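Novice: Here it is, the structure in full.
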Amino acid sequence: MERDFLDISRVSVRFGAGAPLVLNGIDLKIRQGEYVAVIGHSGCGKSTLLNVVAGLLNATQGGVILEGREVTEPGPDRAVVFQNHSLLPWLTVYENVKLAVDRTAGRGMSRAERHDWTLRNLALVRMEGHAQKRPHEISGGMKQRVGIARALSMKPKVLLLDEPFGALDALTRAHLQDQVMAIHADLGTTVMMITHDVDEAVLLSDRIVMMTNGPNATIGEVLDVDLPRPRDRLALASDARFLTAREAVLRFLHERHALPAAA
Ligand SMILES: Nc1ncnc2c1ncn2[C@@H]1O[C@H](COP(=O)(O)OP(=O)(O)OP(=O)(O)O)[C@@H](O)[C@H]1O
């Protein structure tokens with residue numbers, strides 16, 4: 001049987017003694033190459049869970065094992081892309097990615113190889129033509145693409161996406177989703193993505209992890225998205241399997257685990 005690649009085991013988190021548990025006993029095993037979306041209402045603890053996997057936050061109980069090694073701190077094997085692009089404003093697009101290359105995957109590469117690797121990752125997100133621009137000269141969607149290139153350039157074992165398209169308009173968002181699907185197909189990167197967007201979760205994922213409301217949030221249900229790849233958003237818009245999966249997530253979020261204010 002295939003070994004679990006990323007093993008999130010009985011993770012509970014509380015912020016401060018006496019405070020309620022934000023997360024309570026999260027158990028999730030992710031296979032290599034799998035694309036998993038985590039969805040749930042605002043404040044249920046999705047980012048908290050991602051931060052534990054990233055090594056930015058220690059679990060109060062339980063832990064995370066990646067390829068047999070316990071996660072205790074951040075590392076280049078788990079690259080994170082946040083909703084708000086975090087590029088260094090005084091560096092060009094090229095330099096932003098090159099900096100990550102120099103610090104991680106580029107160690108041991110020659111100068112020419114590091115240059116090529118930087119350009120190759122910019123090309124993955126179609127940003128090689130904007131390499132010499134600075135962040136203020138490019139759009140929000142382009143900044144997110146550079147953020148994704150920077151993350152991928154580290155050759156991470158797991159790509160952690162925290163609502164990476166949340167701040168973008170619908171068309172830009174669709175474009176980026178297609179690019180991420182193409183990259184995932186190409187590289188086979190393992191992805192854990194947080195989202196609020198049901199359609200996005202169904203379109204991109206192999207499995208959707210649905211979280212109950214906090215505090216004491218836990219995994220309510222896990223849905224296998226049984227749709228062949230490559231996936232085409234237009235064809236899927238009327239595909240019965242897509243619509244069934246979408247409905248299952250919507251029912252979970254808006255019937256079984258509606259927020260009290262929205263009930
Ligand atoms: N550093 C912290 N100190 C104290 N409480 C925190 C801290 N970080 C998060 N929390 C609390 O933990 C809970 C979960 O927050 P988290 O950001 O993980 O939720 P989320 O599901 O990602 O929300 P959203 O979808 O709105 O981004 C919230 O109640 C939040 O206020």
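In the structure tokens, each chain is lettered A, B, ... as it comes, each chain's residues begin at 1, and ligands are numbered from 1 in order of appearance.
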If the limit is 6 Å from any atom of ligand 1, counting only C-alpha atoms and all ligand atoms, which residues qualify? Return them as a PyMOL selection string.
Specialist: chain A and resi 15+22+41-48
Novice: Which residue out of A:Asp4, A:Asp169, A:Asp116, A:Asp232 has the minimum interatomic distance to Ser139 (chain A) when only C-alpha atoms are used?
Specialist: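 Counting only C-alpha atoms, the residue closest to Ser139 (chain A) is A:Asp169.
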Novice: Identify, with DSSP run on backbone atoms, the residues in region 170-261 of chain A assigned to strand (DSSP E or B), and express the list as a list of chain:residue names.
Specialist: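 Checking each residue of region 170-261 of chain A, the strand (DSSP E or B) ones are A:Thr190, A:Val191, A:Met192, A:Met193, A:Ile194, A:Thr195, A:Arg207, A:Ile208, A:Val209, A:Met210, A:Met211, A:Ala217, A:Ile219, A:Gly220, A:Glu221, A:Val222, A:Leu223, A:Asp224.
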Novice: Can you tell me which residues surround Met127 (chain A) at a distance of at most 12 Å, considering only C-alpha atoms, apart from same-chain residues fewer than 3 positions away, and format the answer as a PDB file with N, CA and C atoms, in the first residue's frame?
Specialist:
ATOM      1  N   THR A  92      13.192  43.222  -8.393  1.00  0.00           N
ATOM      2  CA  THR A  92      12.422  42.897  -9.592  1.00  0.00           C
ATOM      3  C   THR A  92      11.761  41.533  -9.418  1.00  0.00           C
ATOM      4  N   VAL A  93      10.851  41.230 -10.351  1.00  0.00           N
ATOM      5  CA  VAL A  93      10.198  39.915 -10.381  1.00  0.00           C
ATOM      6  C   VAL A  93      11.263  38.818 -10.401  1.00  0.00           C
ATOM      7  N   TYR A  94      12.235  38.979 -11.291  1.00  0.00           N
ATOM      8  CA  TYR A  94      13.322  38.000 -11.408  1.00  0.00           C
ATOM      9  C   TYR A  94      14.062  37.860 -10.081  1.00  0.00           C
ATOM     10  N   VAL A  97      12.294  35.914  -7.257  1.00  0.00           N
ATOM     11  CA  VAL A  97      12.346  34.448  -7.381  1.00  0.00           C
ATOM     12  C   VAL A  97      13.781  33.958  -7.169  1.00  0.00           C
ATOM     13  N   THR A 118      15.600  29.956 -12.237  1.00  0.00           N
ATOM     14  CA  THR A 118      14.741  31.113 -11.940  1.00  0.00           C
ATOM     15  C   THR A 118      13.830  31.392 -13.132  1.00  0.00           C
ATOM     16  N   LEU A 119      14.421  31.439 -14.319  1.00  0.00           N
ATOM     17  CA  LEU A 119      13.627  31.738 -15.517  1.00  0.00           C
ATOM     18  C   LEU A 119      12.621  30.616 -15.798  1.00  0.00           C
ATOM     19  N   ARG A 120      13.021  29.384 -15.531  1.00  0.00           N
ATOM     20  CA  ARG A 120      12.114  28.271 -15.801  1.00  0.00           C
ATOM     21  C   ARG A 120      10.865  28.356 -14.923  1.00  0.00           C
ATOM     22  N   ASN A 121      11.058  28.771 -13.675  1.00  0.00           N
ATOM     23  CA  ASN A 121       9.901  28.889 -12.785  1.00  0.00           C
ATOM     24  C   ASN A 121       9.038  30.091 -13.136  1.00  0.00           C
ATOM     25  N   LEU A 122       9.645  31.162 -13.602  1.00  0.00           N
ATOM     26  CA  LEU A 122       8.856  32.296 -14.079  1.00  0.00           C
ATOM     27  C   LEU A 122       8.056  31.890 -15.317  1.00  0.00           C
ATOM     28  N   ALA A 123       8.670  31.057 -16.161  1.00  0.00           N
ATOM     29  CA  ALA A 123       7.978  30.602 -17.372  1.00  0.00           C
ATOM     30  C   ALA A 123       6.784  29.715 -17.017  1.00  0.00           C
ATOM     31  N   LEU A 124       6.897  28.956 -15.912  1.00  0.00           N
ATOM     32  CA  LEU A 124       5.782  28.090 -15.498  1.00  0.00           C
ATOM     33  C   LEU A 124       4.507  28.896 -15.273  1.00  0.00           C
ATOM     34  N   HIS A 130       8.048  39.473 -17.902  1.00  0.00           N
ATOM     35  CA  HIS A 130       7.943  40.606 -16.968  1.00  0.00           C
ATOM     36  C   HIS A 130       9.047  40.559 -15.918  1.00  0.00           C
ATOM     37  N   ALA A 131      10.095  39.828 -16.232  1.00  0.00           N
ATOM     38  CA  ALA A 131      11.123  39.527 -15.222  1.00  0.00           C
ATOM     39  C   ALA A 131      11.772  40.779 -14.643  1.00  0.00           C
ATOM     40  N   GLN A 132      11.891  41.828 -15.439  1.00  0.00           N
ATOM     41  CA  GLN A 132      12.619  43.006 -14.956  1.00  0.00           C
ATOM     42  C   GLN A 132      11.711  44.049 -14.310  1.00  0.00           C
ATOM     43  N   LYS A 133      10.406  43.749 -14.220  1.00  0.00           N
ATOM     44  CA  LYS A 133       9.502  44.718 -13.583  1.00  0.00           C
ATOM     45  C   LYS A 133       9.562  44.572 -12.063  1.00  0.00           C
ATOM     46  N   ILE A 138       3.197  45.610 -11.740  1.00  0.00           N
ATOM     47  CA  ILE A 138       2.414  44.475 -12.240  1.00  0.00           C
ATOM     48  C   ILE A 138       1.109  44.350 -11.446  1.00  0.00           C
ATOM     49  N   SER A 139       0.143  43.624 -12.032  1.00  0.00           N
ATOM     50  CA  SER A 139      -1.187  43.517 -11.408  1.00  0.00           C
ATOM     51  C   SER A 139      -1.162  42.545 -10.221  1.00  0.00           C
ATOM     52  N   GLY A 141      -2.910  39.838  -9.878  1.00  0.00           N
ATOM     53  CA  GLY A 141      -2.847  38.452 -10.368  1.00  0.00           C
ATOM     54  C   GLY A 141      -1.426  38.067 -10.732  1.00  0.00           C
ATOM     55  N   MET A 142      -0.709  39.024 -11.361  1.00  0.00           N
ATOM     56  CA  MET A 142       0.683  38.749 -11.726  1.00  0.00           C
ATOM     57  C   MET A 142       1.540  38.560 -10.471  1.00  0.00           C
ATOM     58  N   LYS A 143       1.258  39.353  -9.449  1.00  0.00           N
ATOM     59  CA  LYS A 143       2.037  39.205  -8.207  1.00  0.00           C
ATOM     60  C   LYS A 143       1.821  37.807  -7.621  1.00  0.00           C
ATOM     61  N   GLN A 144       0.564  37.343  -7.654  1.00  0.00           N
ATOM     62  CA  GLN A 144       0.309  35.996  -7.133  1.00  0.00           C
ATOM     63  C   GLN A 144       1.038  34.948  -7.965  1.00  0.00           C
ATOM     64  N   ARG A 145       1.111  35.182  -9.286  1.00  0.00           N
ATOM     65  CA  ARG A 145       1.830  34.238 -10.152  1.00  0.00           C
ATOM     66  C   ARG A 145       3.313  34.204  -9.777  1.00  0.00           C
ATOM     67  N   VAL A 146       3.872  35.374  -9.489  1.00  0.00           N
ATOM     68  CA  VAL A 146       5.288  35.407  -9.083  1.00  0.00           C
ATOM     69  C   VAL A 146       5.446  34.685  -7.734  1.00  0.00           C
ATOM     70  N   GLY A 147       4.478  34.892  -6.844  1.00  0.00           N
ATOM     71  CA  GLY A 147       4.519  34.209  -5.545  1.00  0.00           C
ATOM     72  C   GLY A 147       4.508  32.688  -5.734  1.00  0.00           C
ATOM     73  N   ILE A 148       3.705  32.228  -6.686  1.00  0.00           N
ATOM     74  CA  ILE A 148       3.636  30.787  -6.960  1.00  0.00           C
ATOM     75  C   ILE A 148       4.958  30.320  -7.570  1.00  0.00           C
ATOM     76  N   ALA A 149       5.508  31.117  -8.497  1.00  0.00           N
ATOM     77  CA  ALA A 149       6.809  30.762  -9.102  1.00  0.00           C
ATOM     78  C   ALA A 149       7.877  30.684  -8.022  1.00  0.00           C
ATOM     79  N   ARG A 150       7.846  31.651  -7.108  1.00  0.00           N
ATOM     80  CA  ARG A 150       8.845  31.665  -6.040  1.00  0.00           C
ATOM     81  C   ARG A 150       8.707  30.413  -5.172  1.00  0.00           C
ATOM     82  N   GLN A 179      -3.910  27.810 -14.479  1.00  0.00           N
ATOM     83  CA  GLN A 179      -2.444  27.672 -14.465  1.00  0.00           C
ATOM     84  C   GLN A 179      -1.990  26.713 -13.362  1.00  0.00           C
TER      85      GLN A 179
END
Novice: So that I can check the surroundings of Asp178 (chain A), please list as JSON, numbers by chain every protein, DNA and RNA residue that reaches within 9 Å of it, counting only C-alpha atoms and ignoring chain neighbours fewer than 2 positions away.
Specialist: {"A": [173, 174, 175, 176, 180, 181, 182, 183, 204, 231, 232, 233]}
Novice: Would you save the residues of that selection, restricted to C-alpha atoms, as a PDB file, in the first residue's frame?
Specialist:
ATOM      1  CA  ARG A 173      -8.921  33.966 -10.530  1.00  0.00           C
ATOM      2  CA  ALA A 174     -10.151  31.549 -13.203  1.00  0.00           C
ATOM      3  CA  HIS A 175      -6.989  32.109 -15.208  1.00  0.00           C
ATOM      4  CA  LEU A 176      -4.771  31.381 -12.214  1.00  0.00           C
ATOM      5  CA  VAL A 180      -2.221  25.942 -11.099  1.00  0.00           C
ATOM      6  CA  MET A 181      -4.051  22.909 -12.536  1.00  0.00           C
ATOM      7  CA  ALA A 182      -1.583  22.787 -15.440  1.00  0.00           C
ATOM      8  CA  ILE A 183       1.401  23.080 -13.080  1.00  0.00           C
ATOM      9  CA  LEU A 204      -8.992  21.771  -8.502  1.00  0.00           C
ATOM     10  CA  ARG A 231     -10.437  19.268 -16.147  1.00  0.00           C
ATOM     11  CA  ASP A 232     -12.089  21.891 -18.244  1.00  0.00           C
ATOM     12  CA  ARG A 233     -14.145  24.478 -16.372  1.00  0.00           C
TER      13      ARG A 233
END
Novice: Using only C-alpha atoms, determine which residues lie at most 9 Å from region 158-161 of chain A, disregarding the query and same-chain residues fewer than 3 positions distant; provide the list as number ranges by chain.
Specialist: A: 6, 32-33, 50, 53-54, 66, 77-83, 148, 151-152, 155, 164, 189-195
Novice: Which parts of region 78-143 of chain A does DSSP call alpha helix (DSSP H) when run on the backbone here, written out as a list in words?
Specialist: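 Across region 78-143 of chain A, those assigned alpha helix (DSSP H) are Val93, Tyr94, Glu95, Asn96, Val97, Lys98, Leu99, Ala100, Val101, Asp102, Arg103, Arg111, Ala112, Glu113, Arg114, His115, Asp116, Trp117, Thr118, Leu119, Arg120, Asn121, Leu122, Ala123, Leu124, Gly140, Gly141, Met142 and Lys143 of chain A.
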